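J.: Next comes the structure file protein-v3.csv, holding CSV, C-alpha atoms.
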chain,number,residue,atom,x,y,z
A,1,MET,CA,25.8,29.3,20.1
A,2,GLU,CA,22.1,29.3,19.4
A,3,ASN,CA,19.7,31.6,21.3
A,4,LYS,CA,17.9,28.7,22.9
A,5,ARG,CA,20.3,27.2,25.4
A,6,LYS,CA,20.8,23.4,25.2
A,7,ARG,CA,19.9,21.2,28.2
A,8,ILE,CA,22.5,18.9,29.6
A,9,LEU,CA,22.1,16.3,32.3
A,10,LEU,CA,25.3,15.8,34.4
A,11,VAL,CA,25.2,12.5,36.2
A,12,ASP,CA,27.8,11.7,38.9
A,13,ASP,CA,27.6,10.3,42.5
A,14,ASN,CA,30.3,12.7,43.6
A,15,MET,CA,28.9,16.0,44.7
A,16,ALA,CA,32.2,17.8,44.2
A,17,ASN,CA,32.2,16.7,40.5
A,18,LEU,CA,28.6,17.8,40.1
A,19,THR,CA,29.3,21.3,41.5
A,20,MET,CA,32.5,21.7,39.5
A,21,GLY,CA,30.9,20.4,36.3
A,22,LYS,CA,27.9,22.7,36.7
A,23,ASN,CA,30.1,25.8,37.3
A,24,MET,CA,32.1,24.9,34.1
A,25,LEU,CA,29.0,24.7,31.9
A,26,LYS,CA,26.3,27.0,33.3
A,27,MET,CA,27.4,30.0,31.3
A,28,PHE,CA,26.7,28.2,28.1
A,29,TYR,CA,24.0,25.5,28.8
A,30,GLU,CA,21.1,24.7,31.1
A,31,VAL,CA,22.7,22.2,33.4
A,32,TYR,CA,20.8,19.7,35.6
A,33,PRO,CA,23.1,17.9,38.1
A,34,MET,CA,21.9,14.3,38.9
A,35,PRO,CA,23.5,12.4,41.8
A,36,SER,CA,22.5,8.9,40.5
A,37,ALA,CA,21.2,7.0,37.4
A,38,GLU,CA,17.9,6.6,39.2
A,39,LYS,CA,17.5,10.4,39.3
A,40,LEU,CA,18.5,10.5,35.7
A,41,PHE,CA,15.7,8.3,34.6
A,42,ASP,CA,13.2,10.2,36.8
A,43,CYS,CA,14.3,13.4,35.1
A,44,LEU,CA,13.9,11.8,31.6
A,45,ASP,CA,10.2,11.2,32.4
A,46,ARG,CA,9.8,15.0,32.4
A,47,PHE,CA,11.9,16.1,29.4
A,48,ILE,CA,14.5,14.9,26.9
A,49,PRO,CA,17.9,16.6,27.2
A,50,ASP,CA,20.2,17.5,24.4
A,51,LEU,CA,23.1,15.6,25.8
A,52,ILE,CA,24.0,13.5,28.9
A,53,LEU,CA,27.4,13.6,30.7
A,54,LEU,CA,27.4,10.2,32.5
A,55,ASP,CA,29.8,9.0,35.2
A,56,ILE,CA,30.7,5.3,34.9
A,57,GLU,CA,31.6,4.3,38.5
A,58,MET,CA,28.3,4.8,40.4
A,59,PRO,CA,26.6,2.5,43.0
A,60,GLU,CA,23.5,0.4,42.2
A,61,ILE,CA,23.2,1.5,38.5
A,62,ASP,CA,26.6,2.2,37.0
A,63,GLY,CA,27.2,4.1,33.8
A,64,TYR,CA,27.4,1.0,31.6
A,65,GLU,CA,24.0,-0.3,32.8
A,66,ALA,CA,22.5,3.2,32.5
A,67,ILE,CA,23.5,3.6,28.8
A,68,ARG,CA,22.2,0.1,28.1
A,69,ARG,CA,18.8,1.1,29.4
A,70,LEU,CA,19.0,4.4,27.4
A,71,LYS,CA,19.8,2.7,24.1
A,72,SER,CA,17.1,0.1,24.6
A,73,LYS,CA,14.3,2.7,24.4
A,74,ALA,CA,13.7,4.5,21.1
A,75,VAL,CA,12.8,7.7,22.8
A,76,PHE,CA,16.2,8.0,24.5
A,77,ALA,CA,18.4,6.1,22.0
A,78,ASP,CA,19.5,9.2,20.1
A,79,ILE,CA,20.5,11.3,23.1
A,80,PRO,CA,24.3,11.8,22.8
A,81,VAL,CA,26.1,10.3,25.9
A,82,ILE,CA,29.6,11.3,26.9
A,83,PHE,CA,31.2,9.1,29.6
A,84,LEU,CA,33.1,10.8,32.4
A,85,THR,CA,35.6,8.5,34.2
A,86,SER,CA,38.9,8.3,36.0
A,87,LYS,CA,39.6,5.0,34.2
A,88,CYS,CA,42.3,5.5,31.6
A,89,ASP,CA,42.6,2.0,30.2
A,90,ALA,CA,41.8,1.3,26.5
A,91,GLY,CA,39.5,-1.6,27.5
A,92,SER,CA,37.1,0.6,29.5
A,93,GLU,CA,37.0,3.2,26.8
A,94,LEU,CA,36.2,0.7,24.1
A,95,ALA,CA,33.5,-0.9,26.3
A,96,GLY,CA,31.8,2.5,26.7
A,97,LEU,CA,32.0,3.3,23.0
A,98,ASN,CA,30.7,-0.1,22.1
A,99,LEU,CA,27.6,0.5,24.3
A,100,GLY,CA,26.9,3.7,22.3
A,101,ALA,CA,28.7,6.5,24.0
A,102,VAL,CA,29.8,9.2,21.6
A,103,ASP,CA,32.9,10.2,23.6
A,104,TYR,CA,35.0,9.4,26.6
A,105,VAL,CA,36.4,12.3,28.8
A,106,PHE,CA,38.8,11.5,31.6
A,107,LYS,CA,38.8,13.0,35.1
A,108,PRO,CA,40.0,15.4,36.2
A,109,PHE,CA,38.8,17.2,33.1
A,110,SER,CA,39.6,20.7,31.9
A,111,ALA,CA,36.9,23.1,31.2
A,112,PRO,CA,38.0,24.1,27.7
A,113,LEU,CA,38.3,20.5,26.6
A,114,LEU,CA,35.0,19.5,28.1
A,115,LEU,CA,33.2,22.5,26.5
A,116,LYS,CA,34.8,21.7,23.1
A,117,ARG,CA,33.8,18.0,23.3
A,118,ILE,CA,30.2,19.0,24.2
A,119,GLU,CA,30.0,21.7,21.5
A,120,THR,CA,31.2,19.2,18.9
A,121,HIS,CA,28.8,16.5,19.7
A,122,LEU,CA,25.8,18.9,20.0
A,123,LEU,CA,26.7,20.1,16.5
A,124,PHE,CA,26.8,16.5,15.3
A,125,ALA,CA,23.4,15.8,16.9
A,126,GLN,CA,21.9,18.9,15.3
A,127,GLN,CA,23.3,18.0,11.9
A,128,LYS,CA,22.0,14.5,12.2
A,129,THR,CA,18.5,15.8,13.1
A,130,GLU,CA,18.6,18.2,10.2
A,131,LEU,CA,19.7,15.4,7.8
A,132,THR,CA,16.9,13.1,9.0
A,133,LEU,CA,14.4,15.9,8.5
A,134,ARG,CA,15.7,16.6,5.0
A,135,ASN,CA,15.5,12.9,4.2
A,136,GLU,CA,11.9,12.6,5.5
A,137,ASN,CA,11.0,15.7,3.4
A,138,LEU,CA,12.6,14.2,0.4
A,139,GLN,CA,10.8,10.9,0.9
A,140,ALA,CA,7.5,12.7,1.3
A,141,ALA,CA,8.2,14.6,-2.0
A,142,VAL,CA,9.0,11.3,-3.7
A,143,ARG,CA,5.8,9.7,-2.4
A,144,GLU,CA,3.8,12.7,-3.5
A,145,LYS,CA,5.4,12.6,-7.0
A,146,SER,CA,4.7,8.9,-7.2
A,147,ARG,CA,1.1,9.5,-6.1
A,148,GLN,CA,0.7,12.1,-8.9
A,149,VAL,CA,2.2,9.8,-11.5
A,150,SER,CA,-0.1,7.0,-10.3
A,151,LYS,CA,-3.1,9.3,-10.4
A,152,LEU,CA,-2.2,10.3,-14.0
A,153,GLU,CA,-1.7,6.7,-15.0
A,154,THR,CA,-5.1,5.8,-13.5
A,155,ALA,CA,-6.8,8.7,-15.3
A,156,VAL,CA,-5.3,7.6,-18.7
A,157,LEU,CA,-6.5,4.0,-18.0
A,158,ASN,CA,-10.0,5.4,-17.1
A,159,ILE,CA,-10.1,7.2,-20.4
A,160,VAL,CA,-9.0,4.2,-22.4
A,161,ALA,CA,-11.6,2.0,-20.6
A,162,GLU,CA,-14.3,4.5,-21.1
A,163,LEU,CA,-13.5,4.8,-24.9
A,164,VAL,CA,-14.0,1.0,-25.1
A,165,GLU,CA,-17.3,1.3,-23.2
A,166,PHE,CA,-18.7,4.1,-25.4
A,167,ARG,CA,-17.9,2.0,-28.5
A,168,ASP,CA,-19.7,-0.9,-27.0
A,169,SER,CA,-22.7,1.3,-26.2
A,170,VAL,CA,-21.9,0.6,-22.5
A,171,THR,CA,-22.5,3.7,-20.4
A,172,GLY,CA,-23.2,4.4,-16.8
A,173,GLY,CA,-20.0,3.1,-15.1
A,174,HIS,CA,-19.4,-0.5,-16.1
A,175,VAL,CA,-15.7,-0.2,-15.5
A,176,SER,CA,-16.0,1.4,-12.0
A,177,ARG,CA,-18.8,-1.0,-11.0
A,178,THR,CA,-16.9,-4.2,-11.9
A,179,GLN,CA,-13.9,-2.9,-9.9
A,180,ARG,CA,-16.2,-2.4,-6.9
A,181,TYR,CA,-17.5,-5.9,-7.3
A,182,LEU,CA,-14.0,-7.3,-7.5
A,183,GLN,CA,-13.1,-5.4,-4.4
A,184,PHE,CA,-16.1,-6.8,-2.5
A,185,LEU,CA,-15.2,-10.4,-3.6
A,186,ILE,CA,-11.6,-10.0,-2.6
A,187,GLU,CA,-12.3,-8.5,0.8
A,188,GLN,CA,-14.7,-11.4,1.5
A,189,LEU,CA,-12.1,-13.9,0.4
A,190,GLN,CA,-9.6,-12.4,2.8
A,191,GLU,CA,-12.1,-12.4,5.6
A,192,ASP,CA,-13.0,-16.0,5.0
A,193,GLY,CA,-9.5,-17.2,4.3
A,194,VAL,CA,-10.5,-18.6,0.9
A,195,TYR,CA,-7.6,-18.9,-1.5
A,196,ALA,CA,-5.5,-17.1,1.1
A,197,GLU,CA,-2.2,-18.2,-0.2
A,198,GLU,CA,-2.9,-16.9,-3.8
A,199,ILE,CA,-4.3,-13.6,-2.6
A,200,SER,CA,-1.4,-13.0,-0.2
A,201,GLY,CA,0.9,-12.3,-3.2
A,202,TRP,CA,-1.4,-9.7,-4.7
A,203,ASP,CA,-0.9,-6.0,-4.5
A,204,LEU,CA,-4.5,-4.7,-4.7
A,205,ASP,CA,-3.2,-1.2,-5.6
A,206,PHE,CA,-2.1,-2.8,-8.9
A,207,LEU,CA,-4.7,-5.5,-9.3
A,208,LEU,CA,-8.0,-3.5,-9.0
A,209,PRO,CA,-7.0,-0.7,-11.4
A,210,SER,CA,-5.6,-3.3,-13.9
A,211,ALA,CA,-9.1,-4.7,-14.2
A,212,GLN,CA,-10.0,-1.6,-16.3
A,213,LEU,CA,-8.1,-3.2,-19.2
A,214,HIS,CA,-10.0,-6.4,-19.2
A,215,ASP,CA,-11.8,-5.6,-22.5
A,216,VAL,CA,-9.3,-3.3,-24.1
A,217,GLY,CA,-9.2,-5.6,-27.2
A,218,LYS,CA,-12.8,-4.5,-28.0
A,219,ILE,CA,-11.2,-1.3,-29.4
A,220,ALA,CA,-10.4,-3.4,-32.5
A,221,ILE,CA,-13.9,-4.8,-33.0
A,222,SER,CA,-16.1,-3.1,-35.5
A,223,ASP,CA,-19.1,-1.0,-34.3
A,224,THR,CA,-21.5,-3.1,-36.4
A,225,ILE,CA,-20.6,-6.2,-34.3
A,226,LEU,CA,-20.3,-4.4,-31.0
A,227,ASN,CA,-23.7,-2.7,-31.3
A,228,LYS,CA,-25.6,-5.2,-33.4
A,229,PRO,CA,-29.1,-5.3,-31.9
A,230,GLY,CA,-29.9,-8.9,-32.9
A,231,LYS,CA,-28.3,-12.3,-33.4
A,232,LEU,CA,-24.6,-12.5,-34.2
A,233,SER,CA,-23.5,-14.8,-37.0
A,234,GLU,CA,-20.9,-17.5,-36.4
A,235,GLU,CA,-18.3,-15.4,-38.1
A,236,GLU,CA,-19.3,-12.3,-36.1
A,237,PHE,CA,-19.2,-14.2,-32.9
A,238,ASP,CA,-15.7,-15.5,-33.6
A,239,ARG,CA,-14.6,-12.0,-34.4
A,240,MET,CA,-16.1,-10.8,-31.1
A,241,LYS,CA,-14.2,-13.5,-29.2
A,242,ALA,CA,-11.0,-12.4,-30.8
A,243,HIS,CA,-11.1,-9.2,-28.6
A,244,VAL,CA,-9.5,-11.3,-25.8
A,245,MET,CA,-6.3,-12.1,-27.7
A,246,ILE,CA,-6.2,-8.6,-29.2
A,247,GLY,CA,-6.3,-7.2,-25.7
A,248,VAL,CA,-3.6,-9.6,-24.4
A,249,ASP,CA,-1.4,-8.7,-27.4
A,250,ALA,CA,-1.8,-5.0,-26.7
A,251,ILE,CA,-0.9,-5.4,-23.1
A,252,GLU,CA,2.2,-7.4,-24.0
A,253,ARG,CA,3.3,-4.7,-26.3
A,254,ILE,CA,3.0,-2.2,-23.4
A,255,GLU,CA,5.1,-4.6,-21.3
A,256,ALA,CA,7.8,-4.7,-23.9
A,257,SER,CA,8.3,-0.9,-23.5
A,258,THR,CA,8.2,-0.6,-19.7
A,259,GLU,CA,9.9,-1.9,-16.6
A,260,GLU,CA,6.8,-1.9,-14.5
A,261,HIS,CA,5.3,-5.4,-15.1
A,262,GLU,CA,3.3,-6.1,-11.9
A,263,PHE,CA,0.3,-4.0,-12.9
A,264,LEU,CA,0.4,-5.3,-16.5
A,265,ARG,CA,0.8,-8.9,-15.3
A,266,HIS,CA,-2.6,-8.7,-13.5
A,267,ALA,CA,-4.1,-6.8,-16.5
A,268,LYS,CA,-3.0,-9.5,-19.0
A,269,ILE,CA,-4.3,-12.3,-16.8
A,270,ILE,CA,-7.7,-10.7,-16.3
A,271,ALA,CA,-8.0,-9.7,-20.0
A,272,GLY,CA,-7.0,-13.2,-21.2
A,273,THR,CA,-8.9,-15.4,-18.8
A,274,HIS,CA,-12.2,-13.8,-17.7
A,275,HIS,CA,-14.1,-15.6,-20.5
A,276,GLU,CA,-12.9,-19.0,-19.4
A,277,LYS,CA,-15.4,-21.3,-17.7
A,278,TRP,CA,-15.0,-23.6,-14.8
A,279,ASP,CA,-16.2,-26.6,-16.9
A,280,GLY,CA,-13.7,-25.9,-19.7
A,281,THR,CA,-16.2,-24.6,-22.3
A,282,GLY,CA,-15.0,-21.0,-22.2
A,283,TYR,CA,-12.5,-19.3,-24.5
A,284,PRO,CA,-9.8,-18.6,-25.8
A,285,TRP,CA,-7.9,-21.5,-24.3
A,286,GLY,CA,-10.7,-23.7,-22.9
A,287,LEU,CA,-9.1,-23.8,-19.4
A,288,SER,CA,-11.0,-25.5,-16.6
A,289,GLY,CA,-11.2,-25.5,-12.8
A,290,GLY,CA,-8.1,-24.3,-11.0
A,291,ASN,CA,-6.1,-24.0,-14.2
A,292,ILE,CA,-8.0,-20.7,-14.7
A,293,PRO,CA,-6.1,-18.0,-12.8
A,294,LEU,CA,-8.0,-16.8,-9.8
A,295,GLU,CA,-8.0,-13.2,-11.1
A,296,GLY,CA,-9.9,-14.4,-14.2
A,297,ARG,CA,-12.4,-16.5,-12.2
A,298,LEU,CA,-13.2,-13.5,-10.0
A,299,MET,CA,-13.6,-11.2,-13.0
A,300,ALA,CA,-15.9,-13.7,-14.7
A,301,ILE,CA,-18.4,-13.2,-11.8
A,302,ALA,CA,-18.1,-9.5,-11.7
A,303,ASP,CA,-18.3,-9.1,-15.4
A,304,VAL,CA,-21.3,-11.4,-16.0
A,305,TYR,CA,-23.2,-9.9,-13.1
A,306,ASP,CA,-22.8,-6.3,-14.5
A,307,ALA,CA,-23.6,-7.4,-18.0
A,308,LEU,CA,-26.9,-9.0,-16.7
A,309,ILE,CA,-28.0,-5.9,-14.9
A,310,SER,CA,-27.1,-3.5,-17.8
A,311,ALA,CA,-29.4,-2.7,-20.7
A,312,ARG,CA,-27.9,-3.2,-24.2
A,313,PRO,CA,-29.1,-2.8,-27.7
A,314,TYR,CA,-29.9,-6.5,-27.8
A,315,LYS,CA,-31.5,-7.0,-24.4
A,316,LYS,CA,-33.2,-5.4,-21.4
A,317,ALA,CA,-31.5,-5.1,-18.0
A,318,LEU,CA,-32.2,-7.8,-15.5
A,319,SER,CA,-33.1,-7.1,-11.8
A,320,THR,CA,-30.3,-7.6,-9.3
A,321,ALA,CA,-32.2,-10.6,-7.9
A,322,ASP,CA,-32.4,-12.3,-11.3
A,323,ALA,CA,-28.7,-11.5,-11.9
A,324,GLU,CA,-27.9,-13.1,-8.6
A,325,ALA,CA,-29.9,-16.2,-9.6
A,326,VAL,CA,-28.0,-16.5,-12.8
A,327,ILE,CA,-24.7,-16.4,-11.0
A,328,GLU,CA,-26.0,-19.1,-8.5
A,329,ALA,CA,-27.1,-21.3,-11.4
A,330,GLY,CA,-23.7,-21.0,-13.0
A,331,SER,CA,-21.9,-22.5,-10.0
A,332,GLY,CA,-19.8,-25.5,-11.0
A,333,ASN,CA,-20.2,-25.0,-14.7
A,334,HIS,CA,-19.6,-21.3,-15.6
A,335,PHE,CA,-18.1,-20.2,-12.2
A,336,ASP,CA,-15.8,-21.5,-9.5
A,337,PRO,CA,-18.2,-22.9,-6.8
A,338,ALA,CA,-16.0,-21.5,-4.0
A,339,LEU,CA,-16.3,-18.0,-5.5
A,340,VAL,CA,-20.0,-18.3,-5.9
A,341,ALA,CA,-20.3,-19.1,-2.2
A,342,VAL,CA,-18.3,-16.0,-1.5
A,343,PHE,CA,-20.5,-14.0,-3.9
A,344,ARG,CA,-23.6,-15.0,-1.9
A,345,LYS,CA,-22.2,-13.2,1.1
A,346,VAL,CA,-21.6,-9.9,-0.8
A,347,ALA,CA,-24.5,-10.0,-3.3
A,348,ASP,CA,-26.3,-7.3,-1.3
A,349,ARG,CA,-23.3,-5.0,-1.8
A,350,PHE,CA,-23.3,-5.7,-5.5
A,351,ALA,CA,-27.0,-4.8,-5.6
A,352,GLU,CA,-26.5,-1.6,-3.5
A,353,THR,CA,-23.8,-0.6,-6.0
A,354,VAL,CA,-26.3,-1.1,-8.9
A,355,ARG,CA,-29.0,0.9,-7.0
A,356,LEU,CA,-26.6,3.8,-6.4
A,357,TYR,CA,-25.7,4.0,-10.1
A,358,ARG,CA,-29.3,3.8,-11.2
A,359,ASP,CA,-30.7,6.3,-8.6
A,360,ASP,CA,-27.8,8.8,-8.5
A,361,PRO,CA,-25.2,8.3,-11.2
A,362,ALA,CA,-23.3,11.4,-10.4
A,363,GLU,CA,-22.8,10.4,-6.7
A,364,ALA,CA,-21.9,6.8,-7.8
A,365,GLN,CA,-19.2,8.1,-10.1
A,366,GLU,CA,-17.9,10.3,-7.4
A,367,GLU,CA,-17.8,7.4,-5.0
A,368,ALA,CA,-16.1,5.3,-7.6
A,369,ARG,CA,-13.4,7.9,-7.8
A,370,ARG,CA,-12.8,7.7,-4.1
A,371,ALA,CA,-12.7,3.9,-4.2
A,372,PRO,CA,-10.9,1.6,-6.6
A,373,GLU,CA,-12.3,1.9,-10.2
A,374,GLY,CA,-13.1,-2.2,-14.7
A,375,ASP,CA,-16.9,-6.4,-19.9
A,376,GLU,CA,-19.2,-8.2,-20.5
A,377,HIS,CA,-19.0,-11.9,-20.5
A,378,VAL,CA,-19.4,-14.7,-23.0
A,379,LEU,CA,-22.7,-15.5,-21.4
A,380,ILE,CA,-24.1,-12.3,-22.8
A,381,PHE,CA,-22.6,-13.0,-26.2
A,382,GLU,CA,-24.3,-16.4,-26.1
A,383,ARG,CA,-27.6,-14.7,-25.2
A,384,ARG,CA,-27.1,-12.5,-28.2
A,385,ARG,CA,-26.4,-15.4,-30.5
A,386,ALA,CA,-29.6,-17.1,-29.3
A,387,ALA,CA,-31.6,-14.0,-29.7
A,388,VAL,CA,-34.3,-14.1,-32.3
Please rewrite the model in this file as structure tokens.
T.:
Amino acid sequence: MENKRKRILLVDDNMANLTMGKNMLKMFYEVYPMPSAEKLFDCLDRFIPDLILLDIEMPEIDGYEAIRRLKSKAVFADIPVIFLTSKCDAGSELAGLNLGAVDYVFKPFSAPLLLKRIETHLLFAQQKTELTLRNENLQAAVREKSRQVSKLETAVLNIVAELVEFRDSVTGGHVSRTQRYLQFLIEQLQEDGVYAEEISGWDLDFLLPSAQLHDVGKIAISDTILNKPGKLSEEEFDRMKAHVMIGVDAIERIEASTEEHEFLRHAKIIAGTHHEKWDGTGYPWGLSGGNIPLEGRLMAIADVYDALISARPYKKALSTADAEAVIEAGSGNHFDPALVAVFRKVADRFAETVRLYRDDPAEAQEEARRAPEGDEHVLIFERRRAAV
């Protein structure tokens, strides 16, 4: 027996049975005699016992009804209940067991038998509790391990994305800013119920980090093209556009060697379609309207906006107001009009993100690490081509 005595509620409308039962058990357990089911439930408001000995034949609320009520409430459902009864027929015993009783003891009962039954079921209950606790601890350990693996994967993605940025002379948090923009747009879409059916199938824990790979194909573009301060030739521009399919191919090769495709599915869609335009004049496939996946249409806005407010070797940074005006002007040709309408509602949040990065880059990067973390769009490439 454990040092701490177990508490048992003995419920019977016969006072002689209560007295006899208490005398049998009091040397080993804390016993609380209850003359009715009503008193049982009053007592349960004060504490949860380790086991209940429950008579079946009682006035007003009998044992069957009492156990139904016990099992209907989660807080009481796991208390072991042993029925005490003078009924010796198999039907009554089966009825009690079907209602959730752990055992059936017939009156008049012997002290050794009753004590052994109680001891056995208290041991079962204790083992069940310990097993549940072990299982919860194991699940917590698995969740922590998964969190660590996810954190490592995110760190590797950050490094890959930053390597692409550095080669493209893009510094100051383009990846993390575009992820924040995506988050703002998606949150507003959810609030407004726009494209609700499409978004409902997304796991944002996968989608937002996957945006970091949207320009991974630039790793294969030469520095002379990426950082050219002036106009790109037709051949150079075609090579620049090839980064989209290079990125898609790289992601597909990763897919072929892993079983986790949800994250990579979003990454491939974003990498492959964020240079498409609503009017069909984008690349690489010339998709238009709703044929462009929603992830790509969202990334197009986030990507162009960040390219506009960022200084590059070939251009100065625009103000957030001017960048907002460019997005507005692109509604219906470059961008999905419904998404531009959503952008208007969160443009201030975009601008605040830019201000934070410009005024306090260290704090901005720290905030980005706490929040979800993600090119620059064909519009900028076209500005470069047109540059004198």
J.: Would you mind reading off the distance between CA of Leu213 (chain A) and CA of Ala161 (chain A), one decimal, in Å?
T.: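 According to the coordinates, CA of Leu213 (chain A) and CA of Ala161 (chain A) are separated by 6.4 Å.
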J.: Measure the distance from CA of Ile56 (chain A) to CA of Thr85 (chain A) in Å and round it to one decimal.
T.: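 Separation between CA of Ile56 (chain A) and CA of Thr85 (chain A): 5.9 Å.
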J.: At what distance in Å, to one decimal, does CA of Gln126 (chain A) lie from CA of Tyr29 (chain A)?
T.: 15.2 Å
J.: Excluding Met299 (chain A) and its own-chain neighbours fewer than 3 positions away, which residues fall within 7 Å of it when counting only C-alpha atoms? Please give them as a compact mmCIF listing (two decimals) with C-alpha atoms, in the frame of the given file.
T.:
# COMPACT_ATOMS: atom_id res chain seq x y z
CA LEU A 182 -14.00 -7.30 -7.50
CA ILE A 270 -7.70 -10.70 -16.30
CA HIS A 274 -12.20 -13.80 -17.70
CA GLU A 295 -8.00 -13.20 -11.10
CA GLY A 296 -9.90 -14.40 -14.20
CA ALA A 302 -18.10 -9.50 -11.70
CA ASP A 303 -18.30 -9.10 -15.40
J.: Let me make sure I understand: among A:Ser86, A:Ser92, A:Thr224, A:Gln212, which one has the smallest atom-to-atom distance to Val105 (chain A) if we use all atoms listed in the file?
T.: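 Nearest to Val105 (chain A): A:Ser86.
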J.: Find the residues around region 321-337 of chain A up to 12 Å (only C-alpha atoms counted), leave out those fewer than 5 positions away in its own chain, and share them as a VMD selection string.
T.: chain A and resid 194 to 195 274 to 283 286 to 310 342 to 352 354 to 355 377 to 380
J.: Write region 326-343 of chain A as a PDB file, in the frame of the given file, completed to N, CA and C atoms.
T.:
ATOM      1  N   VAL A 326     -28.778 -16.033 -11.728  1.00  0.00           N
ATOM      2  CA  VAL A 326     -28.000 -16.500 -12.800  1.00  0.00           C
ATOM      3  C   VAL A 326     -26.578 -16.941 -12.360  1.00  0.00           C
ATOM      4  N   ILE A 327     -25.994 -16.103 -11.514  1.00  0.00           N
ATOM      5  CA  ILE A 327     -24.700 -16.400 -11.000  1.00  0.00           C
ATOM      6  C   ILE A 327     -24.753 -17.739 -10.171  1.00  0.00           C
ATOM      7  N   GLU A 328     -25.772 -17.863  -9.344  1.00  0.00           N
ATOM      8  CA  GLU A 328     -26.000 -19.100  -8.500  1.00  0.00           C
ATOM      9  C   GLU A 328     -26.081 -20.304  -9.433  1.00  0.00           C
ATOM     10  N   ALA A 329     -26.869 -20.162 -10.506  1.00  0.00           N
ATOM     11  CA  ALA A 329     -27.100 -21.300 -11.400  1.00  0.00           C
ATOM     12  C   ALA A 329     -25.833 -21.687 -12.153  1.00  0.00           C
ATOM     13  N   GLY A 330     -24.885 -20.750 -12.272  1.00  0.00           N
ATOM     14  CA  GLY A 330     -23.700 -21.000 -13.000  1.00  0.00           C
ATOM     15  C   GLY A 330     -22.582 -21.686 -12.155  1.00  0.00           C
ATOM     16  N   SER A 331     -22.855 -21.923 -10.867  1.00  0.00           N
ATOM     17  CA  SER A 331     -21.900 -22.500 -10.000  1.00  0.00           C
ATOM     18  C   SER A 331     -21.517 -23.934 -10.439  1.00  0.00           C
ATOM     19  N   GLY A 332     -20.237 -24.194 -10.629  1.00  0.00           N
ATOM     20  CA  GLY A 332     -19.800 -25.500 -11.000  1.00  0.00           C
ATOM     21  C   GLY A 332     -19.699 -25.732 -12.510  1.00  0.00           C
ATOM     22  N   ASN A 333     -20.346 -24.875 -13.298  1.00  0.00           N
ATOM     23  CA  ASN A 333     -20.200 -25.000 -14.700  1.00  0.00           C
ATOM     24  C   ASN A 333     -19.524 -23.735 -15.309  1.00  0.00           C
ATOM     25  N   HIS A 334     -20.185 -22.596 -15.109  1.00  0.00           N
ATOM     26  CA  HIS A 334     -19.600 -21.300 -15.600  1.00  0.00           C
ATOM     27  C   HIS A 334     -18.563 -20.805 -14.541  1.00  0.00           C
ATOM     28  N   PHE A 335     -18.900 -20.888 -13.259  1.00  0.00           N
ATOM     29  CA  PHE A 335     -18.100 -20.200 -12.200  1.00  0.00           C
ATOM     30  C   PHE A 335     -17.543 -21.193 -11.200  1.00  0.00           C
ATOM     31  N   ASP A 336     -16.459 -20.766 -10.572  1.00  0.00           N
ATOM     32  CA  ASP A 336     -15.800 -21.500  -9.500  1.00  0.00           C
ATOM     33  C   ASP A 336     -16.827 -21.572  -8.307  1.00  0.00           C
ATOM     34  N   PRO A 337     -17.218 -22.772  -7.871  1.00  0.00           N
ATOM     35  CA  PRO A 337     -18.200 -22.900  -6.800  1.00  0.00           C
ATOM     36  C   PRO A 337     -17.780 -22.170  -5.511  1.00  0.00           C
ATOM     37  N   ALA A 338     -16.481 -22.212  -5.188  1.00  0.00           N
ATOM     38  CA  ALA A 338     -16.000 -21.500  -4.000  1.00  0.00           C
ATOM     39  C   ALA A 338     -16.231 -20.025  -4.087  1.00  0.00           C
ATOM     40  N   LEU A 339     -16.054 -19.471  -5.274  1.00  0.00           N
ATOM     41  CA  LEU A 339     -16.300 -18.000  -5.500  1.00  0.00           C
ATOM     42  C   LEU A 339     -17.736 -17.678  -5.470  1.00  0.00           C
ATOM     43  N   VAL A 340     -18.568 -18.569  -5.972  1.00  0.00           N
ATOM     44  CA  VAL A 340     -20.000 -18.300  -5.900  1.00  0.00           C
ATOM     45  C   VAL A 340     -20.482 -18.272  -4.468  1.00  0.00           C
ATOM     46  N   ALA A 341     -19.917 -19.162  -3.637  1.00  0.00           N
ATOM     47  CA  ALA A 341     -20.300 -19.100  -2.200  1.00  0.00           C
ATOM     48  C   ALA A 341     -19.871 -17.814  -1.578  1.00  0.00           C
ATOM     49  N   VAL A 342     -18.736 -17.267  -1.983  1.00  0.00           N
ATOM     50  CA  VAL A 342     -18.300 -16.000  -1.500  1.00  0.00           C
ATOM     51  C   VAL A 342     -19.224 -14.868  -2.043  1.00  0.00           C
ATOM     52  N   PHE A 343     -19.602 -14.990  -3.316  1.00  0.00           N
ATOM     53  CA  PHE A 343     -20.500 -14.000  -3.900  1.00  0.00           C
ATOM     54  C   PHE A 343     -21.813 -13.893  -3.149  1.00  0.00           C
TER      55      PHE A 343
END
